[in-house]
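File shown here: start.csv, holding CSV, C-alpha atoms.
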```csv
chain,number,residue,atom,x,y,z
A,1,MET,CA,-14.5,-46.9,-1.6
A,2,ARG,CA,-11.7,-45.5,0.6
A,3,LEU,CA,-9.2,-46.5,-2.0
A,4,PHE,CA,-11.2,-44.7,-4.6
A,5,PHE,CA,-11.1,-41.4,-2.6
A,6,ILE,CA,-7.4,-41.8,-2.0
A,7,ILE,CA,-6.7,-42.3,-5.7
A,8,SER,CA,-9.0,-39.3,-6.6
A,9,PHE,CA,-7.2,-37.1,-4.0
A,10,VAL,CA,-3.8,-38.1,-5.3
A,11,CYS,CA,-4.9,-37.4,-8.9
A,12,PHE,CA,-6.2,-34.0,-7.9
A,13,ILE,CA,-2.9,-33.1,-6.2
A,14,ALA,CA,-0.9,-34.4,-9.2
A,15,SER,CA,-3.0,-32.3,-11.7
A,16,PHE,CA,-2.7,-29.2,-9.5
A,17,SER,CA,1.1,-29.7,-9.2
A,18,LYS,CA,1.3,-30.1,-13.0
A,19,ALA,CA,-0.6,-26.9,-13.6
A,20,GLU,CA,1.7,-25.1,-11.2
A,21,ASN,CA,4.8,-26.4,-13.0
A,22,GLN,CA,3.4,-25.3,-16.4
A,23,ALA,CA,2.7,-21.8,-15.0
A,24,ASP,CA,6.3,-21.7,-13.6
A,25,SER,CA,7.8,-22.8,-16.9
A,26,THR,CA,5.7,-20.2,-18.8
A,27,LEU,CA,6.9,-17.5,-16.4
A,28,LEU,CA,10.5,-18.5,-17.0
A,29,GLU,CA,9.9,-18.3,-20.8
A,30,ALA,CA,8.4,-14.8,-20.4
A,31,ASP,CA,11.4,-13.7,-18.2
A,32,SER,CA,13.8,-15.0,-20.8
A,33,LEU,CA,12.1,-12.9,-23.5
A,34,PHE,CA,12.1,-9.8,-21.2
A,35,ASN,CA,15.8,-10.2,-20.4
A,36,ALA,CA,16.4,-10.5,-24.2
A,37,LYS,CA,14.6,-7.1,-24.5
A,38,LYS,CA,11.8,-8.7,-26.5
A,39,PHE,CA,9.3,-6.7,-24.5
A,40,THR,CA,6.2,-7.1,-26.7
A,41,GLU,CA,6.5,-10.9,-26.8
A,42,SER,CA,7.2,-11.2,-23.1
A,43,PHE,CA,4.2,-8.9,-22.3
A,44,LYS,CA,1.9,-11.2,-24.2
A,45,VAL,CA,3.0,-14.2,-22.1
A,46,TYR,CA,2.8,-12.2,-18.8
A,47,GLU,CA,-0.7,-11.1,-19.8
A,48,HIS,CA,-1.8,-14.7,-20.4
A,49,LEU,CA,-0.5,-15.7,-17.0
A,50,LEU,CA,-2.3,-12.8,-15.3
A,51,THR,CA,-5.7,-12.9,-17.2
A,52,THR,CA,-6.0,-16.6,-18.0
A,53,GLU,CA,-3.9,-18.5,-15.4
A,54,LYS,CA,-4.6,-15.9,-12.7
A,55,LYS,CA,-0.9,-16.1,-11.7
A,56,ALA,CA,1.2,-13.0,-11.0
A,57,SER,CA,4.4,-12.5,-9.1
A,58,ALA,CA,5.4,-9.1,-7.8
A,59,ALA,CA,8.4,-9.0,-10.1
A,60,MET,CA,6.2,-9.9,-13.1
A,61,LEU,CA,3.8,-7.0,-12.3
A,62,LEU,CA,6.7,-4.6,-12.1
A,63,LYS,CA,8.0,-5.8,-15.5
A,64,MET,CA,4.5,-5.3,-17.0
A,65,ALA,CA,4.4,-1.8,-15.7
A,66,TYR,CA,7.9,-1.1,-17.0
A,67,ILE,CA,6.9,-2.3,-20.5
A,68,LYS,CA,3.7,-0.2,-20.6
A,69,GLU,CA,5.5,2.9,-19.4
A,70,GLY,CA,8.1,2.4,-22.1
A,71,LEU,CA,5.3,2.2,-24.7
A,72,GLY,CA,3.8,5.4,-23.3
A,73,ASP,CA,0.7,3.6,-22.0
A,74,TYR,CA,0.8,5.3,-18.6
A,75,SER,CA,-2.8,4.3,-17.6
A,76,MET,CA,-1.9,0.6,-17.8
A,77,ALA,CA,1.5,1.2,-16.2
A,78,LEU,CA,-0.4,2.7,-13.3
A,79,TYR,CA,-2.8,-0.3,-13.3
A,80,TYR,CA,0.0,-2.8,-13.0
A,81,LEU,CA,1.8,-0.7,-10.3
A,82,ASN,CA,-1.4,-0.6,-8.4
A,83,LEU,CA,-1.7,-4.4,-8.6
A,84,TYR,CA,1.9,-4.7,-7.4
A,85,TYR,CA,1.0,-2.4,-4.4
A,86,LEU,CA,-2.0,-4.5,-3.5
A,87,GLN,CA,0.2,-7.7,-3.6
A,88,THR,CA,3.1,-6.3,-1.6
A,89,SER,CA,1.9,-3.2,0.3
A,90,ASP,CA,5.3,-1.7,-0.6
A,91,LYS,CA,5.0,2.0,0.1
A,92,LYS,CA,8.0,2.8,-2.2
A,93,VAL,CA,5.9,2.1,-5.3
A,94,LEU,CA,3.5,4.8,-4.2
A,95,SER,CA,6.2,7.4,-5.0
A,96,LYS,CA,6.4,6.0,-8.6
A,97,MET,CA,2.7,6.1,-9.0
A,98,GLU,CA,2.4,9.7,-7.7
A,99,GLU,CA,5.3,10.7,-10.0
A,100,LEU,CA,3.6,9.2,-13.0
A,101,ALA,CA,0.3,10.8,-12.0
A,102,ASP,CA,1.8,14.2,-11.4
A,103,LYS,CA,3.4,14.1,-14.9
A,104,LYS,CA,0.0,13.7,-16.5
A,105,ASP,CA,-1.9,15.7,-14.0
A,106,LEU,CA,-4.0,12.7,-13.0
A,107,LYS,CA,-6.4,12.6,-10.0
A,108,GLY,CA,-7.1,9.8,-7.5
A,109,TYR,CA,-3.6,8.9,-6.4
A,110,ASN,CA,-3.6,10.5,-2.9
A,111,TYR,CA,-3.2,7.7,-0.4
A,112,ALA,CA,-4.6,7.7,3.2
A,113,ASP,CA,-3.5,5.4,6.1
A,114,PHE,CA,-6.7,3.4,5.7
A,115,GLU,CA,-5.6,2.3,2.2
A,116,PHE,CA,-2.2,1.2,3.5
A,117,PHE,CA,-3.9,-1.0,6.2
A,118,GLU,CA,-6.3,-2.3,3.6
A,119,THR,CA,-3.4,-3.4,1.4
A,120,VAL,CA,-1.7,-5.1,4.4
A,121,PHE,CA,-4.9,-7.0,4.9
A,122,PHE,CA,-4.8,-8.1,1.2
A,123,LYS,CA,-1.2,-9.1,1.6
A,124,TYR,CA,-2.0,-11.5,4.5
A,125,PHE,CA,-5.4,-12.5,3.2
A,126,ASN,CA,-4.7,-16.2,2.9
A,127,PRO,CA,-3.1,-16.5,6.4
A,128,ILE,CA,-6.1,-14.7,7.9
A,129,ILE,CA,-8.5,-17.1,6.1
A,130,TYR,CA,-6.6,-20.1,7.4
A,131,THR,CA,-6.5,-18.7,10.9
A,132,LEU,CA,-10.3,-18.2,10.9
A,133,LEU,CA,-10.8,-21.7,9.6
A,134,ALA,CA,-8.5,-23.2,12.3
A,135,ILE,CA,-10.4,-21.3,15.0
A,136,SER,CA,-13.7,-22.5,13.6
A,137,ILE,CA,-12.5,-26.1,13.6
A,138,LEU,CA,-11.2,-25.7,17.2
A,139,LEU,CA,-14.4,-24.3,18.4
A,140,PHE,CA,-16.4,-27.1,16.8
A,141,ALA,CA,-14.1,-29.7,18.5
A,142,ILE,CA,-14.6,-27.9,21.8
A,143,ALA,CA,-18.4,-27.9,21.4
A,144,ILE,CA,-18.4,-31.7,20.6
A,145,ARG,CA,-16.2,-32.4,23.6
A,146,TYR,CA,-18.5,-30.4,25.9
A,147,LYS,CA,-21.6,-32.1,24.6
A,148,LYS,CA,-20.0,-35.6,25.1
A,149,LYS,CA,-18.8,-35.0,28.6
A,150,SER,CA,-22.0,-33.1,29.7
A,151,GLU,CA,-19.8,-31.0,32.1
A,152,TYR,CA,-20.2,-27.7,30.3
A,153,SER,CA,-22.8,-26.3,27.9
A,154,PRO,CA,-21.7,-26.2,24.3
A,155,VAL,CA,-23.7,-23.1,23.7
A,156,ILE,CA,-20.9,-20.6,24.0
A,157,PRO,CA,-18.4,-22.3,21.6
A,158,VAL,CA,-21.3,-22.9,19.2
A,159,ILE,CA,-22.3,-19.2,19.2
A,160,LEU,CA,-18.6,-18.2,18.9
A,161,ASN,CA,-18.2,-20.6,16.0
A,162,ILE,CA,-21.3,-19.1,14.2
A,163,LEU,CA,-19.7,-15.6,14.6
A,164,VAL,CA,-16.3,-16.9,13.2
A,165,LEU,CA,-18.0,-18.6,10.3
A,166,ALA,CA,-20.0,-15.4,9.5
A,167,LEU,CA,-16.8,-13.4,9.5
A,168,LEU,CA,-15.1,-16.1,7.4
A,169,PHE,CA,-18.0,-16.0,4.9
A,170,TYR,CA,-17.9,-12.2,4.7
A,171,THR,CA,-14.1,-12.1,4.3
A,172,LEU,CA,-14.2,-14.8,1.5
A,173,ASN,CA,-17.0,-13.0,-0.4
A,174,PHE,CA,-16.3,-9.3,0.2
A,175,GLY,CA,-12.8,-9.1,1.7
A,176,ARG,CA,-11.0,-8.8,-1.6
A,177,GLU,CA,-13.0,-5.8,-2.8
A,178,TYR,CA,-10.7,-2.8,-3.5
A,179,HIS,CA,-13.3,-0.4,-5.1
A,180,LYS,CA,-10.9,1.4,-7.3
A,181,GLY,CA,-10.6,1.6,-11.1
A,182,ILE,CA,-8.4,3.3,-13.6
A,183,VAL,CA,-9.8,5.1,-16.7
A,184,VAL,CA,-8.3,3.4,-19.8
A,185,GLN,CA,-9.8,5.5,-22.6
A,186,SER,CA,-9.3,9.2,-23.6
A,187,ASN,CA,-12.2,11.6,-23.8
A,188,THR,CA,-14.3,9.6,-21.3
A,189,TYR,CA,-17.6,11.1,-20.4
A,190,LEU,CA,-18.7,11.3,-16.7
A,191,MET,CA,-22.5,11.5,-16.6
A,192,GLU,CA,-24.9,12.7,-13.9
A,193,GLY,CA,-27.0,9.5,-14.3
A,194,PRO,CA,-26.6,6.0,-15.8
A,195,SER,CA,-27.9,7.1,-19.2
A,196,ALA,CA,-26.4,8.5,-22.4
A,197,GLY,CA,-29.1,11.2,-22.2
A,198,ALA,CA,-28.0,12.4,-18.7
A,199,GLU,CA,-26.1,15.6,-18.2
A,200,VAL,CA,-22.4,15.5,-18.7
A,201,ILE,CA,-20.4,16.3,-15.5
A,202,ALA,CA,-17.0,16.2,-17.1
A,203,ILE,CA,-14.9,14.8,-19.9
A,204,ILE,CA,-11.7,13.3,-18.6
A,205,GLY,CA,-8.6,11.6,-20.1
A,206,LYS,CA,-7.3,8.2,-19.4
A,207,GLY,CA,-5.2,7.4,-16.3
A,208,HIS,CA,-7.4,9.0,-13.6
A,209,ARG,CA,-8.1,6.6,-10.7
A,210,LEU,CA,-11.7,6.7,-9.5
A,211,PRO,CA,-13.7,5.0,-6.8
A,212,VAL,CA,-15.8,2.1,-8.1
A,213,TYR,CA,-19.2,1.4,-6.7
A,214,LYS,CA,-22.2,-0.7,-8.0
A,215,ASN,CA,-23.0,-1.3,-11.7
A,216,HIS,CA,-26.1,0.0,-13.5
A,217,ASP,CA,-26.4,-2.0,-16.7
A,218,VAL,CA,-23.5,-0.8,-18.9
A,219,TRP,CA,-22.6,2.0,-16.4
A,220,THR,CA,-20.5,2.0,-13.3
A,221,GLN,CA,-21.2,4.4,-10.4
A,222,THR,CA,-18.2,6.5,-9.4
A,223,GLU,CA,-17.3,9.9,-8.0
A,224,TRP,CA,-15.7,12.9,-9.4
A,225,GLN,CA,-14.6,16.0,-7.4
A,226,GLY,CA,-17.0,15.0,-4.6
A,227,LYS,CA,-20.0,14.4,-6.9
A,228,LYS,CA,-21.7,11.2,-7.7
A,229,ALA,CA,-21.1,10.3,-11.4
A,230,PHE,CA,-21.5,7.4,-13.8
A,231,ILE,CA,-18.9,6.1,-16.3
A,232,LYS,CA,-19.3,3.5,-19.1
A,233,THR,CA,-18.0,0.2,-17.6
A,234,ASN,CA,-15.8,-0.6,-20.6
A,235,LYS,CA,-13.9,2.7,-20.1
A,236,ILE,CA,-12.7,1.9,-16.6
A,237,LYS,CA,-10.5,-1.0,-15.6
A,238,LYS,CA,-11.2,-2.2,-12.0
A,239,VAL,CA,-8.1,-2.9,-9.9
A,240,ASN,CA,-8.7,-6.3,-8.4
A,241,PHE,CA,-6.8,-8.0,-5.7
A,242,MET,CA,-5.2,-11.2,-7.1
```
Serialized structure, structure tokens:
Amino acid sequence: MRLFFIISFVCFIASFSKAENQADSTLLEADSLFNAKKFTESFKVYEHLLTTEKKASAAMLLKMAYIKEGLGDYSMALYYLNLYYLQTSDKKVLSKMEELADKKDLKGYNYADFEFFETVFFKYFNPIIYTLLAISILLFAIAIRYKKKSEYSPVIPVILNILVLALLFYTLNFGREYHKGIVVQSNTYLMEGPSAGAEVIAIIGKGHRLPVYKNHDVWTQTEWQGKKAFIKTNKIKKVNFM
């Protein structure tokens, strides 16, 4: 039985490594196309890596933004720059985003300190998760040791472990939420309620970055100039932390 688990584990690691190698070779292929100035072909490969393989390097996201800006698709250029910012918390890219937004008179690209700290958290998300997991394991071991020796009560480490596990659960399930989206279609209607019959608040162009709240059927709750508004979900692309 033990041998079976060892073999299964080795096979899992091997398949994972194979998938990683395939993604790396695909990225090299896309980079070669990009360097040869075959931008349309390279973008298709990059997009496959991002949407299907869920793989994206910082350099790859910058190249995708460069391609989209060159094609005049500034809303998607801003989208990929925003993804890059989430991955790197590089403040220099904010200047580029603000420059693009100013050219097109787009709203939603003013950054507060909270957003910077939020992106730093995203950048170190995995180390934070591993640290919480290590603390939980340590507290569990301490509780077991206390119980065996009967010298100390295991209550305190158990309570602390419950708190750490609750924090770990919350971080894993909600810690990646960014709550921002970029409008990707022109002449997009912002409605007062989640209905086609609701009053129109504004008609906006693509490229604006809006806060994203909960969904209501085919509508997404957002905000426009300090007012609650609703936008068709397919007209806004949510910026998700990778």
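With all atoms listed in the file as the atoms that count, the residue of A:Pro211, A:Gly181, A:Pro194, A:Gly205 with the shortest distance to Lys238 (chain A) is A:Gly181.
With distances taken over all atoms listed in the file, A:Tyr74 is the one residue among A:Tyr80, A:Phe140, A:Tyr146, A:Tyr74 lying closest to Lys206 (chain A).
CA of Val120 (chain A) lies 25.4 Å from CA of Asn161 (chain A).
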Handout entry: Distance in Å - CA of Thr26 (chain A) versus CA of Tyr46 (chain A)
Key =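 These two atoms are separated by 8.5 Å.
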Practice task
For Val200 (chain A), please output as a VMD selection string all residues within 8 Å (counting all atoms listed in the file; exclusion window: fewer than 3 positions along the same chain).
Solution key: chain A and resid 189 to 192 203
Practice task
Find the spatial neighbours of region 218-235 of chain A, counting all atoms listed in the file, within a cut-off of 12 Å - ignore same-chain residues fewer than 4 positions away - and output them as a VMD selection string.
Solution key: chain A and resid 75 107 to 108 179 to 214
Completion exercise
Using all atoms listed in the file, the residue out of A:Leu160, A:Ala36, A:Phe122, A:Tyr152 with shortest distance to Leu138 (chain A) is A:Leu160
Practice task
Do a neighbour search on region 68-71 of chain A at 10 Å with only C-alpha atoms, toss out local chain neighbours closer than 4 positions, and write the hits as a PyMOL selection string.
Solution key: chain A and resi 39-40+43+63-64+75-80+100
Practice task
Please identify all polymer residues lying at most 10 Å from the point (-11.0, -6.2, -2.8) (file coordinates), using only C-alpha atoms, and present the result as number ranges by chain.
Solution key: A: 86, 118-119, 121-122, 171, 173-180, 239-242
Completion exercise
As a check of understanding: the span from CA of Val155 (chain A) to CA of Ala143 (chain A) is 7.5 Å
Could you make a table, as JSON lines, of the residues of region 102-186 of chain A that have an atom within 12 Å of an atom of region 92-98 of chain A, each with its nearest atom pair and distance in Å to one decimal, counting only C-alpha atoms, in chain and number order?
```
{"residue": "A:Asp102", "atom": "CA", "partner": "A:Glu98", "partner_atom": "CA", "distance": 5.9}
{"residue": "A:Lys103", "atom": "CA", "partner": "A:Glu98", "partner_atom": "CA", "distance": 8.5}
{"residue": "A:Lys104", "atom": "CA", "partner": "A:Glu98", "partner_atom": "CA", "distance": 10.0}
{"residue": "A:Asp105", "atom": "CA", "partner": "A:Glu98", "partner_atom": "CA", "distance": 9.7}
{"residue": "A:Leu106", "atom": "CA", "partner": "A:Glu98", "partner_atom": "CA", "distance": 8.8}
{"residue": "A:Lys107", "atom": "CA", "partner": "A:Glu98", "partner_atom": "CA", "distance": 9.5}
{"residue": "A:Gly108", "atom": "CA", "partner": "A:Glu98", "partner_atom": "CA", "distance": 9.5}
{"residue": "A:Tyr109", "atom": "CA", "partner": "A:Glu98", "partner_atom": "CA", "distance": 6.2}
{"residue": "A:Asn110", "atom": "CA", "partner": "A:Glu98", "partner_atom": "CA", "distance": 7.7}
{"residue": "A:Tyr111", "atom": "CA", "partner": "A:Leu94", "partner_atom": "CA", "distance": 8.2}
{"residue": "A:Ala112", "atom": "CA", "partner": "A:Leu94", "partner_atom": "CA", "distance": 11.3}
{"residue": "A:Glu115", "atom": "CA", "partner": "A:Leu94", "partner_atom": "CA", "distance": 11.4}
{"residue": "A:Phe116", "atom": "CA", "partner": "A:Leu94", "partner_atom": "CA", "distance": 10.2}
```
Practice task
Give as a PyMOL selection string every residue, naming chains and numbers as the document does, that has an atom within 7 Å of (-11.7, -18.3, 6.3), counting only C-alpha atoms.
Solution key: chain A and resi 128-133+168-169+171-172
